[in-house]
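Novice: Next up is a structure, given as structure tokens.
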Amino acid sequence: MNALIFLIVFPLAVSFLALVPPLSLAVRKGVGVCVNIVLCAVPIYLLVANLDQGPAYFHLESTIIDIGMLIVELFIAGYLIYISFTSKRYLTALLVIVQSVIMVSFEFTSGHGMQIEHSLFVDKFSIIMALIVGIIGSAICLYAIGYLPEYHEHYREVKDRRRYFAFLMYLFLAAMFGIVFSNNLMWLYFFWEITTVCSFLLIGYRDDEPSRESAFRALNMNLVGGVVFAIGLVNLYSSSGIMELDKLLQTDKGMVLLPAVCLAFAGLVKSAQFPFSSWLTGAMVAPTPVSALLHSSTMVKAGVYLILRVAPVMENTAAAKMLTLIGGVSFLVTALIAISQSNAKKVLAYSTISNLGLIVACAGVNTAAAVWSAILLIIFHAVAKSLLFLCVGIVEYKLDSRDIEDMDYLIMRLPKLTAVMMTGMAGMFLAPFGMIISKFITLRAFVESNPAMAIILAYGSAATIFFWTKWMGKIMSIRHGVAEVVEHRVSRWEWITLGILAVATVVVCLAFPFFSFHVINPYLLEVFGKTPVVDAFNVMMVFIIMVGLLIILPLGLLFYAFVDKNYKRVGIYLGGGNIDNITFEGAMASTQPIALKNYYLEKYFGEERLFNVGVFVSLTLMIIMFGVAVI
Amino acid sequence: MGWFKRSPWILHYNATSCNGCDIELIASLTPLYDLERFGIINTGNPKHADILAVTGSVNEKSTQVVRNLYDQMPNPKVVVAVGICATSGCVFQDCYNVQGGVDKVLPVDVYIPGCAARPEAIIDGVMKACEILEEKYAQRKKSGKLAES
Amino acid sequence: MNELYALIKSLSVPERMLAFVILAPLAGGLLSGIDRKLSARLQGRYGPPVLQPFYDVMKLLRKERIIVNKFQDFPIVLFLLFTIFSGALFFAGADLLLTIFGLALAGTFFVLGGFCVSSPYSHLGAEREIIQTVAYEPMVILMAVGMYQVTGSFRVGTIAHHHAPLILYLPGVFAGFLYILTIKFRKSPFDLSMSHHAHQEIVRGITTEFSGPALALIEITHWYEVMLLLGMVYLFFAFNPWLAVVMALATYLFEIFIDMNYARFKWQLTFMSAWLFTAVAGVSNIIVLSLMR
Ligand code: SF4
């Protein structure tokens, strides 16, 4: 139990430490490194300590903590109302007031009688989440040390609020640990709201009009989720007197269906599923570490985490079917929209929503195999996607653009970074790497229970191949001649993080059998009483491909770079009109440069064309979901 | 075994031809003459070609293009001048912008006479070119040049 | 029939893989030769010898290696390796989905090869190749799904030994598969990214910058791919091996016939029609099957 409390309290303490002014920069950096090592080490310790154990529940004397949380909540509510009034956004204020009224009245009417047996708990799934939060979170904090100075160099008009930034990041980490370890739903709710607020403040870090706009959109949507969350809790308590996650799962399913749907709804908002996707694409104005940490690898994963937790309650109901379909629609539509995007961060955002959609769909299906693949998707996606975000963050500064069309010959201009980036991309869609393996498992899970989803998956993964391949092709094109290398100014901190995550992308794939047998299977055994059957031959083949690639790729590259001399180099074919390798002779003896652009198929997959379709369909599904839950 | 003469691929380039020779070259691919029965394919790409068939005389504008195309062909390769224009420049050779036959720019291996060159003559010329292709390959092999460029 | 069956059964897994690695290019090359001869005959020509594809490859292997950048041949080598690997997995009776994903990986390497030379023609070819991939991929996956619904397994070995004729359960899926097979065989009307025919608006498309040995590798890879795809056709009729072999060959002839009769489509039409056909034929078949269960 101490480890759990430590994981929540320690980042909290660090976050306040970051606000203390007198510490010098060097000291703060040193402290940061130590803190991050600790944050990595403790979840690993948790994993090792709990490897052969079932879930553990802990009692905590909580009256004082509850009161403290209420005060903090009210303080935050006051703060939010204040800034929403100052920036004249009354909808936000209204939502905050509604939410506070619900929570406060609930606290005063039933707060006293509430008996919480176990406030904290830890099981294999929480440990996996904690590992993701701890390792990726601290890696990204390291990256931020190198990134933020450059950020402020780049955007001089933005006020330098680094401490505030660090404060929010660590506060967020504390809240994330809180979410994954809370068994008391009131606590879960509290931490949930903290992440919402952190996300809001971090999106608005630049403090200009577009970012404020996006921040408030994200806040509003998440507040709607929060209000529904609160209603769900009140309903849960009044109907069954339960306020604990484990008890929720043990009670009669019909009775707690509505609260479960409410919680799932909050999860859908947080993981930016349709119809709430627009907040996540808007959130891309935030500094890159924020996008990487909150909006791809951890906070949005808290949404699917909650959905996966409450999914057993909805098992075999129409609500679960709707949940599956909402996930499916989000998966397919955002994958298609991603084809039409040339803004790198937006492609990443859409692909994030897409993958989260797949996880939500798995949660809706809720068989052992589906949940197994959902957890694998969470792990693989978190690692590879945060890596990609961080790479794009660096590219953005070096090229002064985040447009994919400006990334021509990136491999010549930022060779090492491009190699890392390609590892991340391979992790997202190429065969022996994690995501595609998870999709492979997901497909099996769907075929058995829900063939309609298999169809969606078939189309969706085709779309996924499209946008990744063309992007990958773009950055790895090479032309004869030299291009200016602009890599030398990437800071050491950034390299360390990229290195960690790139290695992690490969290692999680190699370690996947281990994770599967020792961590995920025990969890599934608890929840479903059985584990999915894994074809050992398949696992072996995947292993062979993976190891094969790991051996062939470097050897091949070395061979072609140094050994291979048996060739003649000629120019590219330009109809015989070559002047040199990048220009040809056009009409009237003019010199024409070659420019290579990708297809974006705006006409078919344009954002404005598909987005509203997704919103409309999923809104309908969502109404049905609530409808069946209320009846 | 003579693989080259079994599968010579042609790149056809019109330097300044009046189109007469071009049409005859294409005609030799049609069902009546069917060059493909010798494994001959008309590729549009110098990098895939073994035989460069040039029609028409070479002028100032096309000199560099012919050179570029020839340079982009992998060895062994042969050049066939199709028609009397490509052979010598013919009546155009005194034009202010005409350099003359293709041999002013490239080493020509086979000359096919005629205005326009008859498909039979073209087929005959290409088959000759195949022999030379084989010879060139044998030479390259003997001089150990296979290993480098 | 029984002898063939017994023969295949008597081979161990590595032996079967080895048999594929050695025999597939021979058979694929031969088929490609028959293809060219037959196409010529359909056009009223005499046509090249049946062994012409082998002559071409032997010649290409003896040509000088010219390149535009040092690494351009590497993706092609990987393309070949992974195609062979997925084919070997298939003929060893392993997982169908794994085969499909392996093939997709191989295809991705090919596309990346087309991109990395940064030449306009091959760039366009690569873009079109992606569009083709996206066009056929859903149907390939749905084929595996359909087969699973009928046989209850993704393993090629199990599917091949299924007692009932798959084609009776999966007529729509088979029709859809035939449709996208035209794309995979690089036949007209879908030979957008590279064509086996002479003239094309983007020169030789994705293969423009690959010559000599690299082009030979691409050709050999194509032979492997053809055999693998015909193996998938075989599965639909696997209840009777002789019939299945005949049907696989008939499918190939059918594709040649289509090739001779159609002009090239635009990519828009290729893409939309393939997805639509997949939706109409494949998806409806799968939904009917899931209702039947
Ligand atoms: S040789 Fe005669 S037909 Fe041929 S290009 Fe010259 S003028 Fe025309």
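Starting from 1 in every chain, residues are counted up; chains themselves are A, B, ... following the order of the structure tokens, and ligands are numbered from 1 as listed.
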Residues within 12 Å of A:Phe106, please, as JSON, numbers by chain. Count only C-alpha atoms; anything in the same chain fewer than 4 positions from it doesn't count.
Specialist: {"A": [70, 99, 100, 101, 102, 110, 111, 112, 113, 114, 186, 230, 231, 232, 233, 234, 235, 236, 237, 238]}
Novice: At a cut-off of 6 Å, can you tabulate as a tab-separated table every residue of chain B near chain C together with its closest atom pair and the distance in Å to one decimal, using only C-alpha atoms and ordering rows by chain then number?
Specialist:
residue	atom	partner	partner_atom	distance
B:Trp3	CA	C:Lys59	CA	5.1
B:Phe4	CA	C:Lys59	CA	5.6
B:Ser7	CA	C:Asp56	CA	5.4
B:Pro31	CA	C:Arg45	CA	4.5
B:Glu36	CA	C:Pro48	CA	5.6
B:Arg37	CA	C:Pro48	CA	3.9
B:Phe38	CA	C:Pro48	CA	6.0
B:Gly39	CA	C:Pro48	CA	5.3
B:Asn42	CA	C:Ala198	CA	5.8
B:Thr43	CA	C:Ala198	CA	5.5
B:Gly44	CA	C:Val203	CA	5.7
B:Lys47	CA	C:Ser211	CA	5.4
B:His48	CA	C:Ser211	CA	5.4
B:Pro74	CA	C:Glu64	CA	5.2
B:Asn75	CA	C:Glu64	CA	5.2
Novice: Those same residues - N, CA and C atoms - I'd like them written as a PDB file, in the first residue's frame.
Specialist:
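The resulting file, part_28.pdb, is reproduced below:
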ATOM      1  N   TRP B   3      21.706 -15.127 -72.964  1.00  0.00           N
ATOM      2  CA  TRP B   3      20.427 -14.595 -72.460  1.00  0.00           C
ATOM      3  C   TRP B   3      20.082 -13.270 -73.124  1.00  0.00           C
ATOM      4  N   PHE B   4      21.115 -12.551 -73.484  1.00  0.00           N
ATOM      5  CA  PHE B   4      20.837 -11.205 -73.998  1.00  0.00           C
ATOM      6  C   PHE B   4      20.105 -11.250 -75.313  1.00  0.00           C
ATOM      7  N   SER B   7      16.347 -11.856 -74.912  1.00  0.00           N
ATOM      8  CA  SER B   7      15.450 -10.910 -74.249  1.00  0.00           C
ATOM      9  C   SER B   7      15.956  -9.474 -74.373  1.00  0.00           C
ATOM     10  N   PRO B  31       0.748  -7.347 -84.746  1.00  0.00           N
ATOM     11  CA  PRO B  31       0.578  -8.768 -85.059  1.00  0.00           C
ATOM     12  C   PRO B  31       1.267  -9.218 -86.354  1.00  0.00           C
ATOM     13  N   GLU B  36       7.737  -9.318 -80.511  1.00  0.00           N
ATOM     14  CA  GLU B  36       7.806  -9.927 -79.191  1.00  0.00           C
ATOM     15  C   GLU B  36       8.104 -11.422 -79.277  1.00  0.00           C
ATOM     16  N   ARG B  37       7.908 -12.032 -80.455  1.00  0.00           N
ATOM     17  CA  ARG B  37       8.228 -13.463 -80.509  1.00  0.00           C
ATOM     18  C   ARG B  37       9.714 -13.709 -80.314  1.00  0.00           C
ATOM     19  N   PHE B  38      10.527 -12.660 -80.440  1.00  0.00           N
ATOM     20  CA  PHE B  38      11.955 -12.799 -80.120  1.00  0.00           C
ATOM     21  C   PHE B  38      12.240 -12.352 -78.680  1.00  0.00           C
ATOM     22  N   GLY B  39      11.190 -12.140 -77.948  1.00  0.00           N
ATOM     23  CA  GLY B  39      11.384 -11.672 -76.570  1.00  0.00           C
ATOM     24  C   GLY B  39      11.640 -10.183 -76.487  1.00  0.00           C
ATOM     25  N   ASN B  42       9.211  -3.281 -76.004  1.00  0.00           N
ATOM     26  CA  ASN B  42       9.478  -1.858 -76.124  1.00  0.00           C
ATOM     27  C   ASN B  42       9.242  -1.215 -74.761  1.00  0.00           C
ATOM     28  N   THR B  43      10.304  -0.954 -74.023  1.00  0.00           N
ATOM     29  CA  THR B  43      10.122  -0.321 -72.720  1.00  0.00           C
ATOM     30  C   THR B  43      10.183   1.181 -72.903  1.00  0.00           C
ATOM     31  N   GLY B  44       9.589   1.904 -71.991  1.00  0.00           N
ATOM     32  CA  GLY B  44       9.651   3.352 -72.114  1.00  0.00           C
ATOM     33  C   GLY B  44      10.750   3.930 -71.254  1.00  0.00           C
ATOM     34  N   LYS B  47      16.372   2.709 -68.128  1.00  0.00           N
ATOM     35  CA  LYS B  47      16.988   1.847 -67.114  1.00  0.00           C
ATOM     36  C   LYS B  47      16.641   0.383 -67.302  1.00  0.00           C
ATOM     37  N   HIS B  48      15.605   0.127 -68.074  1.00  0.00           N
ATOM     38  CA  HIS B  48      15.235  -1.259 -68.329  1.00  0.00           C
ATOM     39  C   HIS B  48      15.720  -1.730 -69.688  1.00  0.00           C
ATOM     40  N   PRO B  74      21.864   0.659 -68.406  1.00  0.00           N
ATOM     41  CA  PRO B  74      22.903  -0.188 -67.819  1.00  0.00           C
ATOM     42  C   PRO B  74      23.639  -0.981 -68.902  1.00  0.00           C
ATOM     43  N   ASN B  75      24.905  -1.226 -68.674  1.00  0.00           N
ATOM     44  CA  ASN B  75      25.694  -2.035 -69.599  1.00  0.00           C
ATOM     45  C   ASN B  75      25.283  -3.488 -69.517  1.00  0.00           C
TER      46      ASN B  75
END
Novice: Give me, as a ChimeraX atom specification, all polymer residues having an atom no more than 12 Å from B:Gly114, counting only C-alpha atoms and skipping those fewer than 4 positions away in the same chain.
Specialist: /B:20-21,24,55-56,81-88,90,118-122,125
Novice: Could you list, as a list of chain:residue names, every residue of chain A that has an atom within 6 Å of an atom of chain C, counting only C-alpha atoms?
Specialist: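 Contact residues on the first chain: A:Ala431, A:Ala458, A:Tyr459, A:Ala462, A:Gly473, A:Met476, A:Ser477, A:Ile478, A:Tyr560, A:Tyr567, A:Lys568, A:Arg569, A:Val570, A:Gly571, A:Ile572.
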Novice: Residues of chain B within 12 Å of chain A, counting only C-alpha atoms - could you list those as a ChimeraX atom specification?
Specialist: /B:11-15,44-48,60-75,145-149
Novice: Keeping only N, CA and C atoms, write the selected residues to a file as a JSON list (two decimals), in the first residue's frame.
Specialist:
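Now in result38.json:
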[["chain", "number", "residue", "atom", "x", "y", "z"],
["B", 11, "LEU", "N", 14.57, 0.66, -76.07],
["B", 11, "LEU", "CA", 14.09, 2.01, -75.76],
["B", 11, "LEU", "C", 14.09, 2.78, -77.07],
["B", 12, "HIS", "N", 12.95, 3.33, -77.39],
["B", 12, "HIS", "CA", 12.85, 4.05, -78.65],
["B", 12, "HIS", "C", 12.86, 5.53, -78.38],
["B", 13, "TYR", "N", 13.77, 6.25, -79.04],
["B", 13, "TYR", "CA", 13.78, 7.70, -78.87],
["B", 13, "TYR", "C", 13.71, 8.39, -80.23],
["B", 14, "ASN", "N", 12.81, 9.34, -80.30],
["B", 14, "ASN", "CA", 12.63, 10.10, -81.54],
["B", 14, "ASN", "C", 13.43, 11.38, -81.42],
["B", 15, "ALA", "N", 14.59, 11.43, -82.12],
["B", 15, "ALA", "CA", 15.43, 12.63, -82.03],
["B", 15, "ALA", "C", 14.80, 13.77, -82.82],
["B", 44, "GLY", "N", 9.59, 1.90, -71.99],
["B", 44, "GLY", "CA", 9.65, 3.35, -72.11],
["B", 44, "GLY", "C", 10.75, 3.93, -71.25],
["B", 45, "ASN", "N", 11.65, 3.10, -70.79],
["B", 45, "ASN", "CA", 12.52, 3.50, -69.70],
["B", 45, "ASN", "C", 13.96, 3.08, -69.98],
["B", 46, "PRO", "N", 14.88, 4.02, -70.04],
["B", 46, "PRO", "CA", 16.26, 3.64, -70.37],
["B", 46, "PRO", "C", 16.85, 2.64, -69.38],
["B", 47, "LYS", "N", 16.37, 2.71, -68.13],
["B", 47, "LYS", "CA", 16.99, 1.85, -67.11],
["B", 47, "LYS", "C", 16.64, 0.38, -67.30],
["B", 48, "HIS", "N", 15.60, 0.13, -68.07],
["B", 48, "HIS", "CA", 15.23, -1.26, -68.33],
["B", 48, "HIS", "C", 15.72, -1.73, -69.69],
["B", 60, "GLU", "N", 20.36, 20.21, -82.06],
["B", 60, "GLU", "CA", 20.90, 20.81, -80.84],
["B", 60, "GLU", "C", 20.08, 20.46, -79.61],
["B", 61, "LYS", "N", 18.76, 20.48, -79.77],
["B", 61, "LYS", "CA", 17.91, 20.24, -78.62],
["B", 61, "LYS", "C", 17.99, 18.78, -78.16],
["B", 62, "SER", "N", 18.11, 17.88, -79.13],
["B", 62, "SER", "CA", 18.01, 16.48, -78.71],
["B", 62, "SER", "C", 19.36, 15.87, -78.34],
["B", 63, "THR", "N", 20.44, 16.57, -78.58],
["B", 63, "THR", "CA", 21.76, 16.00, -78.28],
["B", 63, "THR", "C", 21.87, 15.57, -76.82],
["B", 64, "GLN", "N", 21.53, 16.53, -75.93],
["B", 64, "GLN", "CA", 21.71, 16.26, -74.52],
["B", 64, "GLN", "C", 20.77, 15.16, -74.06],
["B", 65, "VAL", "N", 19.58, 15.16, -74.63],
["B", 65, "VAL", "CA", 18.60, 14.14, -74.23],
["B", 65, "VAL", "C", 19.09, 12.75, -74.61],
["B", 66, "VAL", "N", 19.59, 12.62, -75.85],
["B", 66, "VAL", "CA", 20.09, 11.32, -76.28],
["B", 66, "VAL", "C", 21.22, 10.87, -75.36],
["B", 67, "ARG", "N", 22.09, 11.79, -75.03],
["B", 67, "ARG", "CA", 23.21, 11.45, -74.14],
["B", 67, "ARG", "C", 22.71, 11.00, -72.78],
["B", 68, "ASN", "N", 21.77, 11.79, -72.23],
["B", 68, "ASN", "CA", 21.22, 11.43, -70.91],
["B", 68, "ASN", "C", 20.63, 10.03, -70.94],
["B", 69, "LEU", "N", 19.85, 9.76, -71.98],
["B", 69, "LEU", "CA", 19.19, 8.46, -72.04],
["B", 69, "LEU", "C", 20.23, 7.35, -72.13],
["B", 70, "TYR", "N", 21.22, 7.59, -72.96],
["B", 70, "TYR", "CA", 22.25, 6.56, -73.12],
["B", 70, "TYR", "C", 22.98, 6.34, -71.80],
["B", 71, "ASP", "N", 23.29, 7.42, -71.12],
["B", 71, "ASP", "CA", 24.00, 7.29, -69.84],
["B", 71, "ASP", "C", 23.19, 6.53, -68.82],
["B", 72, "GLN", "N", 21.89, 6.64, -68.90],
["B", 72, "GLN", "CA", 21.06, 5.98, -67.88],
["B", 72, "GLN", "C", 20.78, 4.52, -68.21],
["B", 73, "MET", "N", 21.31, 4.04, -69.32],
["B", 73, "MET", "CA", 21.11, 2.63, -69.63],
["B", 73, "MET", "C", 22.23, 1.80, -69.00],
["B", 74, "PRO", "N", 21.86, 0.66, -68.41],
["B", 74, "PRO", "CA", 22.90, -0.19, -67.82],
["B", 74, "PRO", "C", 23.64, -0.98, -68.90],
["B", 75, "ASN", "N", 24.91, -1.23, -68.67],
["B", 75, "ASN", "CA", 25.69, -2.03, -69.60],
["B", 75, "ASN", "C", 25.28, -3.49, -69.52],
["B", 145, "LYS", "N", 35.04, -6.76, -65.94],
["B", 145, "LYS", "CA", 34.42, -5.47, -65.65],
["B", 145, "LYS", "C", 33.06, -5.64, -65.01],
["B", 146, "LEU", "N", 32.64, -6.89, -64.91],
["B", 146, "LEU", "CA", 31.31, -7.13, -64.34],
["B", 146, "LEU", "C", 31.23, -6.58, -62.93],
["B", 147, "ALA", "N", 32.38, -6.66, -62.24],
["B", 147, "ALA", "CA", 32.35, -6.29, -60.84],
["B", 147, "ALA", "C", 32.14, -4.80, -60.64],
["B", 148, "GLU", "N", 32.87, -3.99, -61.48],
["B", 148, "GLU", "CA", 32.62, -2.57, -61.28],
["B", 148, "GLU", "C", 31.91, -1.94, -62.47],
["B", 149, "SER", "N", 31.77, -0.67, -62.40],
["B", 149, "SER", "CA", 31.00, 0.01, -63.43],
["B", 149, "SER", "C", 31.78, 0.03, -64.72]]
Novice: Under the rule that only C-alpha atoms and all ligand atoms are counted, which of B:Val105, B:Ala117, B:Cys130, B:Ala53 is the nearest residue to ligand 1?
Specialist: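 Nearest candidate to ligand 1 out of B:Val105, B:Ala117, B:Cys130, B:Ala53: B:Ala117.
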Novice: Figure out the distance between atom CA of A:Ile455 and atom CA of C:Asp191, please, to one decimal in Å.
Specialist: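 Taking atom CA of C:Asp191 and atom CA of A:Ile455, their separation equals 26.0 Å.
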Novice: So that I can see what lies close to stretch 29-41 of chain A, please list as a VMD selection string the residues with an atom at most 6 Å from it, counting only C-alpha atoms and leaving out residues fewer than 3 positions away in the same chain.
Specialist: chain A and resid 26 44 134 to 135 138
Novice: Give me, as a PyMOL selection string, the residues of chain B that a backbone DSSP run labels strand (DSSP E).
Specialist: chain B and resi 9-14+41-43+51-55+58-59+78-82+98-100+110-112
Novice: List the spatial neighbours of A:Val228 as a PyMOL selection string - criterion: any atom at most 8 Å away, only C-alpha atoms, same-chain residues fewer than 2 positions off excluded.
Specialist: chain A and resi 224-226+230-232+262-263+265-266
Novice: At a cut-off of 7 Å, using only C-alpha atoms, what residues contact stretch 133-138 of chain B? Leave out same-chain residues fewer than 6 positions from it and give the result as a ChimeraX atom specification.
Specialist: /B:2,4-5,76-78
Novice: Pull the alpha helix (DSSP H) assignments for stretch 21-67 of chain C out of DSSP run on the backbone, and list those residues as a PyMOL selection string.
Specialist: chain C and resi 21-42+52-62
Novice: If we count only C-alpha atoms and set the cut-off at 8 Å, which residues sit around stretch 120-124 of chain A, ignoring sequence neighbours fewer than 4 positions away in its own chain? Please answer as a VMD selection string.
Specialist: chain A and resid 1 4 47 50 54 to 60 128 181 to 184 519 to 520 522 to 523
Novice: Write the residues you've just listed into a file as an mmCIF file, in the first residue's frame, and include C-alpha atoms for each of them.
Specialist:
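The resulting result20.cif:
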data_model
loop_
_atom_site.group_PDB
_atom_site.id
_atom_site.type_symbol
_atom_site.label_atom_id
_atom_site.label_comp_id
_atom_site.auth_asym_id
_atom_site.auth_seq_id
_atom_site.Cartn_x
_atom_site.Cartn_y
_atom_site.Cartn_z
ATOM 1 C CA MET A 1 0.000 0.000 0.000
ATOM 2 C CA LEU A 4 0.657 3.211 -4.029
ATOM 3 C CA LEU A 47 5.259 -5.200 -10.862
ATOM 4 C CA ASN A 50 2.989 -8.344 -7.254
ATOM 5 C CA GLY A 54 -3.805 -11.461 -7.113
ATOM 6 C CA PRO A 55 -5.371 -8.063 -6.660
ATOM 7 C CA ALA A 56 -4.840 -6.433 -3.296
ATOM 8 C CA TYR A 57 -7.274 -4.037 -1.653
ATOM 9 C CA PHE A 58 -6.366 -1.531 1.005
ATOM 10 C CA HIS A 59 -8.303 0.250 3.655
ATOM 11 C CA LEU A 60 -7.445 3.818 4.430
ATOM 12 C CA ILE A 128 0.341 -1.935 -16.395
ATOM 13 C CA PHE A 181 -5.140 2.893 -7.968
ATOM 14 C CA SER A 182 -8.453 4.234 -6.682
ATOM 15 C CA ASN A 183 -11.102 1.791 -5.687
ATOM 16 C CA ASN A 184 -13.171 4.461 -4.019
ATOM 17 C CA VAL A 519 0.657 -9.870 -16.263
ATOM 18 C CA ILE A 520 -2.319 -9.844 -18.589
ATOM 19 C CA PRO A 522 -3.650 -13.402 -14.505
ATOM 20 C CA TYR A 523 -5.826 -10.330 -14.829
#
Novice: To one decimal in Å, tell me the separation between atom CA of A:Glu487 and atom CA of A:Cys391.
Specialist: 11.9 Å
Novice: What's the separation between atom CA of A:Gly427 and atom CA of A:Cys509, in Å to one decimal place?
Specialist: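 Spanning atom CA of A:Gly427 to atom CA of A:Cys509 is a straight-line distance of 8.7 Å.
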